[in-house]
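Chemist: Take this structure first; my questions come after.
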Amino acid sequence: MSKPSESPAPSADAPATPKGSGASLEQARRDKLERLKALGVDPWGHRYDDTRPIVAVRATGESLDRSPDDTTGPTVRVAGRIMLLRSAGSLVFIDLADRSGRIQLMIGKKQVGPEAWQIIKCLDLGDIVGAEGRLGYSKTGELTVFATGIEFLTKSLETPPDKFHGLVDPELKQRMRYLDLIHGEGVRERFVARSRIIEAIRRVLTARGYLEVEGPTLQETAGGAAARPFLTHHNALDMPLVLRIALELHLKRLLVGGLERVFELGRVYRNEGVSPRHNPEFTMLEAYEAYGDYGTMMDLTEAILVEAAQAAGAPTRFEWMGHTVDLTPPFRRATYDDLLREVTGCDPADPASVGAAASARGIETAGRHPDVVKSDLFEATVEDTLSGPVFVIDYPAAVCPLTKRKADNPAIAERFELYVAGIELANAYTELNDPDLQEELFRTQLAGLADEESMARMDTDFIRALRHGMPPAGGLGIGIDRLVMFLTAAPSIRDVILFPIHRPHQ
RNA sequence: GGGGCUGUAGCUCAGUCGGUAGAGCAUCGGACUUUUAAUCCGUUGGUCCUGGGUUCGAGUCCCAGCGGCCCCA
């Protein structure tokens, strides 16, 4: 710092609080804030125009002569957060970060003059500043903005994380995502990729004539999936409501309404456990196409995955969670029964054989519907083996109450699930549009299934819509968070959700 | 719900056999007009997650709780 006699700040009032604790770390910054005010600088800044993204400035720097020169390069204006601060006497080097990248600033006392130098003396790690100056290379060959003017934009009152290790504690990374975004390796890039993936999905669908719509998130009946809903209440109407667990039934109503190709990218809520692959609220894509079937949806799924991978900058072939995945279409297609036979050796057509295989693996069979047992067996044995991508097709009908049955075999439903790296990524049907059969299936609670495990929830309004006539259609659901997980090689769903759920901290 | 690991300075981490707390970064003071995790000298900073217990003595051992991570159901 400057000598006390030079400082116009109330340094005489500077508290003699102990230095180094959390409180006094903040106090040191507040002291500088007061000094800035005394210098006539607004520590909270204002509009700062004509900046260029740092990545663009760096691109400009590529074409410059590499010999040290701080006087002839183009003048540039950048703004961002101070990530590193190195002082060498009357010379200060700053690593400045904006949304696009980082660049070094050099600020000399002689170059900016004594008044601006007083401001420089008040800078801390984490402060946000704007700078203008010639672009060039320093004596050590680093691309540098040689600042002739500095604009203070915002004071940071908190100490940033360790400048080398960044924020490591996973709890802090999630609770203080803003810090994780600033300091975490690849964190911002991952969430940018998420945004690009969602853009790509919209692009694919709108190019095919799909209309983006929004269904209600507050519903009377939580239908369209097997999950326990969150319960809430509308005061003015004095009625119980649930948060939606799926998008399906309202999008199908829109098929009845003649919109023919609709999709929704939306949040759904399931009142279930938290794990590296589950968050109580997550984002789903559902798309419905009149006059299509589940084969139509396989083509659409491939198109979406290829486009999304490209948008995320993910390679076509990659390793994730111990699986090797190749996204080159067409994806493998294999029937549910064939896979079950391959992996377990049982005869999928014979309930006794399936039951024996299930029992051998400790799966309860007594009093349970054979298709439910079969489904448990499939989950326990086949899923992990599916590195994929593979379309698992033709499911046991009893566990698919919203799906059209095969014309020649009512025990098989025209459904597929897409597996990648042992994880279910997409789920699609040839949609059931027979209102009478749909009503019957809603009435049928399968033996061995708890309420929240069943999709059979009566929705009389939906049945009435079907009675008005829903065209034959294919429908598709994709879990966006899981898609982003594997396209960004993230091991946990919490790595791709900006603000995952947390217990309150003290 | 069951099990394992974990919680120490603002951040990243040590802490031995139970003997009243350590480092780096950050802070503060000083030197430095070419640094880049700058460097050098000095300085400051602790509810050892919380509450009990054992003990002459607990960051350390025991019990319970809280938070986090992972595995299983």
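Residues in the structure tokens are named by chain (A, B, ... in the order shown) and by number from 1 within that chain; ligands are numbered from 1 in the order shown.
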With 7 Å as the limit and counting only C-alpha atoms (C1' of nucleotides), what residues in chain B lie close to chain A? Please list them as a short mmCIF file (atom, residue, chain, number, x, y, z; two decimals) with all heavy atoms, in the first residue's frame.
Modeler:
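Writing the result to iface.cif gives the following:
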data_model
loop_
_atom_site.label_atom_id
_atom_site.label_comp_id
_atom_site.auth_asym_id
_atom_site.auth_seq_id
_atom_site.Cartn_x
_atom_site.Cartn_y
_atom_site.Cartn_z
P G B 10 -11.95 -19.58 8.63
OP1 G B 10 -11.93 -18.20 9.14
OP2 G B 10 -12.81 -20.61 9.26
"O5'" G B 10 -12.25 -19.55 7.08
"C5'" G B 10 -13.49 -19.02 6.59
"C4'" G B 10 -13.31 -18.66 5.15
"O4'" G B 10 -12.36 -17.58 5.05
"C3'" G B 10 -12.71 -19.78 4.30
"O3'" G B 10 -13.72 -20.61 3.78
"C2'" G B 10 -11.96 -19.02 3.22
"O2'" G B 10 -12.85 -18.58 2.22
"C1'" G B 10 -11.46 -17.80 3.99
N9 G B 10 -10.11 -17.98 4.58
C8 G B 10 -9.82 -17.85 5.91
N7 G B 10 -8.56 -18.04 6.17
C5 G B 10 -7.99 -18.32 4.94
C6 G B 10 -6.64 -18.61 4.62
O6 G B 10 -5.66 -18.68 5.37
N1 G B 10 -6.49 -18.83 3.24
C2 G B 10 -7.50 -18.77 2.33
N2 G B 10 -7.16 -19.02 1.07
N3 G B 10 -8.78 -18.50 2.62
C4 G B 10 -8.94 -18.28 3.94
P C B 11 -13.54 -22.21 3.71
OP1 C B 11 -14.86 -22.77 3.32
OP2 C B 11 -12.86 -22.69 4.92
"O5'" C B 11 -12.55 -22.40 2.48
"C5'" C B 11 -12.98 -22.13 1.15
"C4'" C B 11 -11.83 -22.31 0.20
"O4'" C B 11 -10.78 -21.37 0.55
"C3'" C B 11 -11.14 -23.67 0.26
"O3'" C B 11 -11.82 -24.62 -0.54
"C2'" C B 11 -9.75 -23.35 -0.26
"O2'" C B 11 -9.76 -23.22 -1.65
"C1'" C B 11 -9.51 -21.97 0.34
N1 C B 11 -8.80 -21.99 1.64
C2 C B 11 -7.42 -22.25 1.64
O2 C B 11 -6.86 -22.48 0.56
N3 C B 11 -6.75 -22.23 2.81
C4 C B 11 -7.39 -21.99 3.94
N4 C B 11 -6.68 -21.98 5.08
C5 C B 11 -8.80 -21.73 3.98
C6 C B 11 -9.45 -21.74 2.81
P U B 12 -11.72 -26.19 -0.18
OP1 U B 12 -12.52 -26.90 -1.19
OP2 U B 12 -11.99 -26.35 1.26
"O5'" U B 12 -10.18 -26.52 -0.42
"C5'" U B 12 -9.65 -26.59 -1.74
"C4'" U B 12 -8.21 -27.02 -1.71
"O4'" U B 12 -7.42 -25.98 -1.07
"C3'" U B 12 -7.93 -28.26 -0.88
"O3'" U B 12 -8.24 -29.45 -1.58
"C2'" U B 12 -6.45 -28.11 -0.57
"O2'" U B 12 -5.66 -28.46 -1.69
"C1'" U B 12 -6.34 -26.59 -0.37
N1 U B 12 -6.43 -26.21 1.06
C2 U B 12 -5.25 -26.24 1.79
O2 U B 12 -4.18 -26.57 1.32
N3 U B 12 -5.38 -25.87 3.11
C4 U B 12 -6.53 -25.49 3.75
O4 U B 12 -6.49 -25.18 4.94
C5 U B 12 -7.71 -25.48 2.92
C6 U B 12 -7.62 -25.83 1.64
P C B 25 2.88 -19.39 0.28
OP1 C B 25 3.85 -18.80 -0.66
OP2 C B 25 2.87 -18.96 1.70
"O5'" C B 25 1.41 -19.17 -0.30
"C5'" C B 25 1.13 -19.47 -1.66
"C4'" C B 25 -0.36 -19.46 -1.91
"O4'" C B 25 -0.99 -20.41 -1.02
"C3'" C B 25 -1.07 -18.15 -1.58
"O3'" C B 25 -0.93 -17.17 -2.60
"C2'" C B 25 -2.50 -18.64 -1.43
"O2'" C B 25 -3.08 -18.91 -2.69
"C1'" C B 25 -2.29 -19.96 -0.69
N1 C B 25 -2.40 -19.75 0.76
C2 C B 25 -3.68 -19.63 1.30
O2 C B 25 -4.66 -19.71 0.55
N3 C B 25 -3.82 -19.42 2.62
C4 C B 25 -2.75 -19.33 3.41
N4 C B 25 -2.95 -19.11 4.71
C5 C B 25 -1.43 -19.45 2.89
C6 C B 25 -1.30 -19.66 1.57
P U B 27 -4.06 -11.33 -0.71
OP1 U B 27 -4.67 -10.26 -1.53
OP2 U B 27 -2.61 -11.61 -0.82
"O5'" U B 27 -4.37 -11.06 0.82
"C5'" U B 27 -5.70 -10.81 1.23
"C4'" U B 27 -5.74 -10.54 2.71
"O4'" U B 27 -5.25 -11.69 3.43
"C3'" U B 27 -4.81 -9.41 3.17
"O3'" U B 27 -5.42 -8.14 2.98
"C2'" U B 27 -4.62 -9.75 4.64
"O2'" U B 27 -5.75 -9.35 5.39
"C1'" U B 27 -4.58 -11.28 4.60
N1 U B 27 -3.21 -11.84 4.61
C2 U B 27 -2.48 -11.78 5.79
O2 U B 27 -2.90 -11.27 6.81
N3 U B 27 -1.24 -12.35 5.73
C4 U B 27 -0.65 -12.96 4.63
O4 U B 27 0.47 -13.42 4.73
C5 U B 27 -1.47 -12.98 3.45
C6 U B 27 -2.69 -12.42 3.47
P C B 28 -4.55 -6.95 2.37
OP1 C B 28 -5.49 -5.84 2.11
OP2 C B 28 -3.67 -7.43 1.30
"O5'" C B 28 -3.65 -6.56 3.62
"C5'" C B 28 -4.24 -6.05 4.80
"C4'" C B 28 -3.22 -5.98 5.90
"O4'" C B 28 -2.84 -7.32 6.30
"C3'" C B 28 -1.89 -5.34 5.52
"O3'" C B 28 -1.94 -3.92 5.51
"C2'" C B 28 -0.96 -5.90 6.58
"O2'" C B 28 -1.17 -5.27 7.82
"C1'" C B 28 -1.48 -7.34 6.68
N1 C B 28 -0.74 -8.25 5.78
C2 C B 28 0.47 -8.78 6.24
O2 C B 28 0.88 -8.46 7.36
N3 C B 28 1.17 -9.62 5.44
C4 C B 28 0.70 -9.93 4.23
N4 C B 28 1.43 -10.75 3.48
C5 C B 28 -0.52 -9.40 3.73
C6 C B 28 -1.20 -8.57 4.54
P C B 32 11.65 -0.79 -3.90
OP1 C B 32 12.57 0.30 -4.24
OP2 C B 32 10.25 -0.49 -3.48
"O5'" C B 32 11.56 -1.79 -5.13
"C5'" C B 32 12.76 -2.29 -5.73
"C4'" C B 32 12.43 -3.43 -6.64
"O4'" C B 32 11.88 -4.52 -5.87
"C3'" C B 32 11.35 -3.14 -7.68
"O3'" C B 32 11.84 -2.42 -8.80
"C2'" C B 32 10.90 -4.55 -8.02
"O2'" C B 32 11.84 -5.19 -8.86
"C1'" C B 32 10.94 -5.22 -6.65
N1 C B 32 9.61 -5.17 -5.98
C2 C B 32 8.73 -6.24 -6.15
O2 C B 32 9.09 -7.21 -6.85
N3 C B 32 7.51 -6.21 -5.57
C4 C B 32 7.15 -5.16 -4.84
N4 C B 32 5.95 -5.17 -4.29
C5 C B 32 8.02 -4.06 -4.63
C6 C B 32 9.23 -4.10 -5.22
P U B 33 10.86 -1.29 -9.44
OP1 U B 33 11.61 -0.03 -9.65
OP2 U B 33 9.58 -1.28 -8.68
"O5'" U B 33 10.56 -1.93 -10.87
"C5'" U B 33 9.85 -3.15 -10.98
"C4'" U B 33 9.48 -3.39 -12.42
"O4'" U B 33 8.49 -2.40 -12.82
"C3'" U B 33 10.64 -3.26 -13.40
"O3'" U B 33 10.48 -4.27 -14.40
"C2'" U B 33 10.42 -1.90 -14.04
"O2'" U B 33 10.91 -1.79 -15.35
"C1'" U B 33 8.89 -1.82 -14.05
N1 U B 33 8.35 -0.46 -14.10
C2 U B 33 7.53 -0.16 -15.17
O2 U B 33 7.25 -0.96 -16.03
N3 U B 33 7.04 1.11 -15.17
C4 U B 33 7.28 2.08 -14.24
O4 U B 33 6.76 3.18 -14.37
C5 U B 33 8.15 1.70 -13.16
C6 U B 33 8.64 0.47 -13.13
P U B 34 11.52 -5.48 -14.39
OP1 U B 34 11.87 -5.79 -12.99
OP2 U B 34 12.60 -5.18 -15.37
"O5'" U B 34 10.67 -6.67 -14.96
"C5'" U B 34 9.78 -7.40 -14.11
"C4'" U B 34 9.06 -8.44 -14.93
"O4'" U B 34 8.09 -7.76 -15.78
"C3'" U B 34 9.97 -9.24 -15.86
"O3'" U B 34 9.45 -10.55 -16.00
"C2'" U B 34 9.83 -8.50 -17.19
"O2'" U B 34 10.07 -9.31 -18.32
"C1'" U B 34 8.37 -8.07 -17.13
N1 U B 34 8.07 -6.86 -17.92
C2 U B 34 7.36 -7.03 -19.10
O2 U B 34 6.99 -8.11 -19.49
N3 U B 34 7.10 -5.88 -19.79
C4 U B 34 7.46 -4.61 -19.42
O4 U B 34 7.14 -3.67 -20.14
C5 U B 34 8.19 -4.51 -18.20
C6 U B 34 8.47 -5.63 -17.51
P U B 35 10.21 -11.81 -15.28
OP1 U B 35 11.33 -11.27 -14.51
OP2 U B 35 10.43 -12.81 -16.34
"O5'" U B 35 9.11 -12.39 -14.29
"C5'" U B 35 8.93 -11.82 -13.01
"C4'" U B 35 7.46 -11.79 -12.67
"O4'" U B 35 6.79 -10.81 -13.51
"C3'" U B 35 6.72 -13.08 -12.95
"O3'" U B 35 6.89 -14.03 -11.93
"C2'" U B 35 5.28 -12.59 -13.06
"O2'" U B 35 4.75 -12.33 -11.78
"C1'" U B 35 5.47 -11.25 -13.77
N1 U B 35 5.28 -11.36 -15.22
C2 U B 35 3.98 -11.47 -15.68
O2 U B 35 3.03 -11.49 -14.93
N3 U B 35 3.84 -11.55 -17.03
C4 U B 35 4.84 -11.55 -17.96
O4 U B 35 4.57 -11.64 -19.15
C5 U B 35 6.17 -11.43 -17.42
C6 U B 35 6.33 -11.34 -16.10
P A B 37 2.35 -19.84 -13.15
OP1 A B 37 3.61 -20.52 -12.80
OP2 A B 37 1.83 -19.88 -14.50
"O5'" A B 37 1.22 -20.36 -12.17
"C5'" A B 37 -0.01 -19.66 -12.03
"C4'" A B 37 -0.34 -19.42 -10.57
"O4'" A B 37 -0.47 -20.69 -9.88
"C3'" A B 37 0.72 -18.63 -9.80
"O3'" A B 37 0.09 -17.81 -8.81
"C2'" A B 37 1.51 -19.72 -9.08
"O2'" A B 37 2.12 -19.28 -7.91
"C1'" A B 37 0.41 -20.72 -8.78
N9 A B 37 0.91 -22.09 -8.66
C8 A B 37 1.52 -22.83 -9.62
N7 A B 37 1.85 -24.03 -9.22
C5 A B 37 1.42 -24.08 -7.92
C6 A B 37 1.48 -25.07 -6.94
N6 A B 37 2.02 -26.26 -7.16
N1 A B 37 0.97 -24.79 -5.73
C2 A B 37 0.44 -23.59 -5.53
N3 A B 37 0.31 -22.57 -6.36
C4 A B 37 0.84 -22.89 -7.55
P A B 38 0.18 -16.24 -9.01
OP1 A B 38 -0.19 -15.64 -7.73
OP2 A B 38 -0.53 -15.96 -10.24
"O5'" A B 38 1.75 -15.94 -9.30
"C5'" A B 38 2.64 -15.81 -8.24
"C4'" A B 38 4.04 -15.90 -8.78
"O4'" A B 38 4.36 -14.68 -9.52
"C3'" A B 38 5.14 -15.99 -7.74
"O3'" A B 38 5.28 -17.32 -7.26
"C2'" A B 38 6.35 -15.54 -8.55
"O2'" A B 38 6.81 -16.55 -9.42
"C1'" A B 38 5.74 -14.40 -9.38
N9 A B 38 5.88 -13.10 -8.74
C8 A B 38 4.92 -12.32 -8.15
N7 A B 38 5.38 -11.20 -7.66
C5 A B 38 6.72 -11.25 -7.94
C6 A B 38 7.77 -10.34 -7.68
N6 A B 38 7.60 -9.18 -7.07
N1 A B 38 9.01 -10.68 -8.09
C2 A B 38 9.17 -11.85 -8.72
N3 A B 38 8.26 -12.78 -9.02
C4 A B 38 7.06 -12.40 -8.61
P U B 44 2.29 -12.67 14.42
OP1 U B 44 2.38 -12.37 15.86
OP2 U B 44 2.84 -13.93 13.90
"O5'" U B 44 0.76 -12.59 14.00
"C5'" U B 44 0.00 -11.41 14.25
"C4'" U B 44 -1.25 -11.42 13.42
"O4'" U B 44 -0.89 -11.52 12.02
"C3'" U B 44 -2.17 -12.61 13.66
"O3'" U B 44 -3.01 -12.40 14.78
"C2'" U B 44 -2.95 -12.67 12.35
"O2'" U B 44 -3.98 -11.70 12.32
"C1'" U B 44 -1.88 -12.26 11.33
N1 U B 44 -1.25 -13.42 10.67
C2 U B 44 -1.95 -14.00 9.63
O2 U B 44 -3.04 -13.59 9.27
N3 U B 44 -1.33 -15.06 9.02
C4 U B 44 -0.10 -15.59 9.34
O4 U B 44 0.33 -16.55 8.70
C5 U B 44 0.57 -14.93 10.44
C6 U B 44 -0.02 -13.89 11.05
P G B 45 -3.44 -13.63 15.68
OP1 G B 45 -4.17 -13.10 16.84
OP2 G B 45 -2.25 -14.47 15.89
"O5'" G B 45 -4.48 -14.42 14.77
"C5'" G B 45 -5.74 -13.82 14.44
"C4'" G B 45 -6.34 -14.52 13.27
"O4'" G B 45 -5.35 -14.64 12.23
"C3'" G B 45 -6.78 -15.96 13.53
"O3'" G B 45 -8.09 -15.97 14.05
"C2'" G B 45 -6.70 -16.60 12.15
"O2'" G B 45 -7.86 -16.32 11.40
"C1'" G B 45 -5.53 -15.83 11.51
N9 G B 45 -4.27 -16.58 11.50
C8 G B 45 -3.21 -16.44 12.36
N7 G B 45 -2.21 -17.24 12.06
C5 G B 45 -2.64 -17.92 10.93
C6 G B 45 -1.99 -18.92 10.16
O6 G B 45 -0.87 -19.40 10.31
N1 G B 45 -2.81 -19.34 9.10
C2 G B 45 -4.06 -18.86 8.84
N2 G B 45 -4.68 -19.39 7.78
N3 G B 45 -4.68 -17.94 9.55
C4 G B 45 -3.91 -17.52 10.57
P G B 67 -28.76 -33.57 7.99
OP1 G B 67 -29.90 -32.94 7.30
OP2 G B 67 -28.69 -35.03 8.15
"O5'" G B 67 -27.42 -33.12 7.27
"C5'" G B 67 -27.23 -31.76 6.91
"C4'" G B 67 -25.84 -31.52 6.40
"O4'" G B 67 -24.86 -31.87 7.41
"C3'" G B 67 -25.40 -32.36 5.22
"O3'" G B 67 -25.98 -31.93 3.99
"C2'" G B 67 -23.89 -32.18 5.27
"O2'" G B 67 -23.54 -30.89 4.81
"C1'" G B 67 -23.65 -32.24 6.78
N9 G B 67 -23.28 -33.60 7.18
C8 G B 67 -24.02 -34.53 7.86
N7 G B 67 -23.36 -35.66 8.03
C5 G B 67 -22.12 -35.44 7.45
C6 G B 67 -20.98 -36.29 7.32
O6 G B 67 -20.84 -37.44 7.73
N1 G B 67 -19.95 -35.66 6.63
C2 G B 67 -19.99 -34.38 6.15
N2 G B 67 -18.90 -33.95 5.51
N3 G B 67 -21.03 -33.58 6.25
C4 G B 67 -22.06 -34.17 6.91
P G B 68 -26.24 -33.00 2.83
OP1 G B 68 -26.93 -32.28 1.75
OP2 G B 68 -26.84 -34.23 3.40
"O5'" G B 68 -24.77 -33.37 2.35
"C5'" G B 68 -23.96 -32.39 1.73
"C4'" G B 68 -22.58 -32.91 1.50
"O4'" G B 68 -21.99 -33.34 2.75
"C3'" G B 68 -22.47 -34.15 0.63
"O3'" G B 68 -22.57 -33.82 -0.75
"C2'" G B 68 -21.10 -34.69 1.01
"O2'" G B 68 -20.08 -33.92 0.41
"C1'" G B 68 -21.09 -34.40 2.52
N9 G B 68 -21.50 -35.56 3.32
C8 G B 68 -22.68 -35.73 4.01
N7 G B 68 -22.73 -36.88 4.64
C5 G B 68 -21.52 -37.50 4.34
C6 G B 68 -20.99 -38.76 4.74
O6 G B 68 -21.51 -39.61 5.47
N1 G B 68 -19.73 -38.98 4.20
C2 G B 68 -19.05 -38.11 3.38
N2 G B 68 -17.86 -38.49 2.96
N3 G B 68 -19.53 -36.93 3.01
C4 G B 68 -20.75 -36.70 3.53
#
Chemist: Taking only range 175-383 of chain A into account, list the residues labelled alpha helix (DSSP H) by DSSP (computed from the backbone), as number ranges by chain.
Modeler: A: 175, 177-183, 187-207, 248-256, 294-311, 336-344, 351-360, 370-381
Chemist: Could you list, as a PyMOL selection string, every residue within 12 Å of A64 in chain B, counting only C-alpha atoms (C1' of nucleotides) and ignoring same-chain residues fewer than 5 positions away?
Modeler: chain B and resi 50-53
Chemist: So, with only C-alpha atoms (C1' of nucleotides) as the atoms that count, which of B:U36, B:G18, B:C61, B:C66 lies closest to C49 in chain B?
Modeler: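 Between B:U36, B:G18, B:C61, B:C66, the residue approaching C49 in chain B most closely is B:C66.
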Chemist: As a ChimeraX atom specification, please: every residue in range 89-187 of chain A that a backbone DSSP assignment puts in strand (DSSP E or B).
Modeler: /A:91-97,102-108,128-137,143-154
Chemist: Those same residues - N, CA and C atoms - I'd like them written as a compact mmCIF listing (two decimals), in the first residue's frame.
Modeler:
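See again_14.txt below for the written result:
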# COMPACT_ATOMS: atom_id res chain seq x y z
N LEU A 91 4.65 -2.06 -10.83
CA LEU A 91 4.12 -2.77 -11.98
C LEU A 91 3.23 -3.90 -11.45
N VAL A 92 2.04 -4.01 -12.04
CA VAL A 92 1.12 -5.05 -11.58
C VAL A 92 0.66 -5.87 -12.78
N PHE A 93 0.68 -7.19 -12.61
CA PHE A 93 0.15 -8.09 -13.64
C PHE A 93 -1.13 -8.72 -13.12
N ILE A 94 -2.13 -8.72 -13.98
CA ILE A 94 -3.43 -9.28 -13.60
C ILE A 94 -3.83 -10.32 -14.63
N ASP A 95 -4.30 -11.48 -14.16
CA ASP A 95 -4.99 -12.41 -15.05
C ASP A 95 -6.47 -12.12 -14.93
N LEU A 96 -7.05 -11.68 -16.05
CA LEU A 96 -8.45 -11.27 -16.06
C LEU A 96 -9.26 -12.34 -16.79
N ALA A 97 -10.40 -12.72 -16.19
CA ALA A 97 -11.24 -13.75 -16.81
C ALA A 97 -12.61 -13.17 -17.15
N ARG A 102 -9.30 -16.05 -20.58
CA ARG A 102 -8.45 -15.26 -19.69
C ARG A 102 -7.38 -14.54 -20.49
N ILE A 103 -6.98 -13.40 -19.97
CA ILE A 103 -5.86 -12.69 -20.59
C ILE A 103 -5.12 -11.91 -19.51
N GLN A 104 -3.84 -11.65 -19.78
CA GLN A 104 -3.04 -10.90 -18.81
C GLN A 104 -3.13 -9.41 -19.08
N LEU A 105 -3.28 -8.66 -17.99
CA LEU A 105 -3.17 -7.20 -18.07
C LEU A 105 -1.85 -6.80 -17.41
N MET A 106 -1.19 -5.79 -17.96
CA MET A 106 -0.06 -5.20 -17.27
C MET A 106 -0.38 -3.74 -17.01
N ILE A 107 -0.19 -3.35 -15.76
CA ILE A 107 -0.48 -1.98 -15.38
C ILE A 107 0.75 -1.40 -14.70
N GLY A 108 1.29 -0.33 -15.26
CA GLY A 108 2.46 0.31 -14.67
C GLY A 108 2.09 1.64 -14.06
N ILE A 128 -13.90 -7.02 -10.01
CA ILE A 128 -14.24 -6.98 -11.43
C ILE A 128 -13.83 -5.61 -11.98
N VAL A 129 -13.04 -5.63 -13.04
CA VAL A 129 -12.52 -4.38 -13.60
C VAL A 129 -12.62 -4.40 -15.12
N GLY A 130 -12.59 -3.20 -15.68
CA GLY A 130 -12.45 -3.04 -17.11
C GLY A 130 -11.10 -2.41 -17.39
N ALA A 131 -10.55 -2.71 -18.55
CA ALA A 131 -9.25 -2.14 -18.88
C ALA A 131 -9.17 -1.86 -20.37
N GLU A 132 -8.42 -0.81 -20.69
CA GLU A 132 -8.21 -0.46 -22.08
C GLU A 132 -6.72 -0.29 -22.29
N GLY A 133 -6.24 -0.77 -23.43
CA GLY A 133 -4.82 -0.58 -23.69
C GLY A 133 -4.39 -1.28 -24.95
N ARG A 134 -3.12 -1.13 -25.27
CA ARG A 134 -2.55 -1.76 -26.46
C ARG A 134 -2.39 -3.27 -26.20
N LEU A 135 -2.67 -4.03 -27.23
CA LEU A 135 -2.46 -5.47 -27.17
C LEU A 135 -1.07 -5.79 -27.70
N GLY A 136 -0.34 -6.60 -26.96
CA GLY A 136 0.99 -6.96 -27.43
C GLY A 136 1.56 -8.09 -26.59
N TYR A 137 2.83 -8.34 -26.76
CA TYR A 137 3.47 -9.43 -26.01
C TYR A 137 4.45 -8.86 -24.99
N LEU A 143 0.84 -12.89 -24.14
CA LEU A 143 -0.08 -11.92 -24.72
C LEU A 143 -0.68 -11.07 -23.61
N THR A 144 -0.60 -9.77 -23.78
CA THR A 144 -0.90 -8.86 -22.67
C THR A 144 -1.63 -7.63 -23.17
N VAL A 145 -2.60 -7.18 -22.36
CA VAL A 145 -3.18 -5.85 -22.59
C VAL A 145 -2.40 -4.89 -21.71
N PHE A 146 -1.66 -3.98 -22.35
CA PHE A 146 -0.88 -2.99 -21.60
C PHE A 146 -1.79 -1.82 -21.27
N ALA A 147 -2.35 -1.87 -20.06
CA ALA A 147 -3.45 -0.96 -19.73
C ALA A 147 -2.96 0.48 -19.64
N THR A 148 -3.72 1.33 -20.31
CA THR A 148 -3.50 2.76 -20.13
C THR A 148 -4.62 3.35 -19.29
N GLY A 149 -5.73 2.62 -19.22
CA GLY A 149 -6.84 3.06 -18.39
C GLY A 149 -7.46 1.88 -17.70
N ILE A 150 -7.87 2.08 -16.48
CA ILE A 150 -8.50 1.00 -15.72
C ILE A 150 -9.81 1.53 -15.15
N GLU A 151 -10.85 0.74 -15.25
CA GLU A 151 -12.16 1.17 -14.75
C GLU A 151 -12.59 0.19 -13.67
N PHE A 152 -12.77 0.70 -12.46
CA PHE A 152 -13.21 -0.19 -11.40
C PHE A 152 -14.68 -0.49 -11.59
N LEU A 153 -15.05 -1.79 -11.61
CA LEU A 153 -16.43 -2.14 -11.93
C LEU A 153 -17.19 -2.77 -10.75
N THR A 154 -16.54 -3.61 -9.97
CA THR A 154 -17.23 -4.15 -8.79
C THR A 154 -16.24 -4.70 -7.78
Chemist: Might you pull out every residue within 7 Å of range 400-408 of chain A, with only C-alpha atoms (C1' of nucleotides) counted and same-chain residues fewer than 5 positions away left off, and present them as a list in words?
Modeler: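 Using only C-alpha atoms (C1' of nucleotides), the neighbours found are Ala413, Glu414, Arg415, Tyr429, Thr430, Glu431, Leu432, Gln438, Leu441, Met455 and Ala456 of chain A.
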Chemist: Which residues come within 8 Å of Leu247 in chain A, counting only C-alpha atoms (C1' of nucleotides), excluding same-chain residues fewer than 5 positions away, as a PyMOL selection string?
Modeler: chain A and resi 215+224+264+266+268+284+286
Chemist: Grab the CA of Leu254 in chain A to CA of Tyr291 in chain A distance for me, in Å with one decimal place.
Modeler: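 Between CA of Leu254 in chain A and CA of Tyr291 in chain A the gap works out to 13.8 Å.
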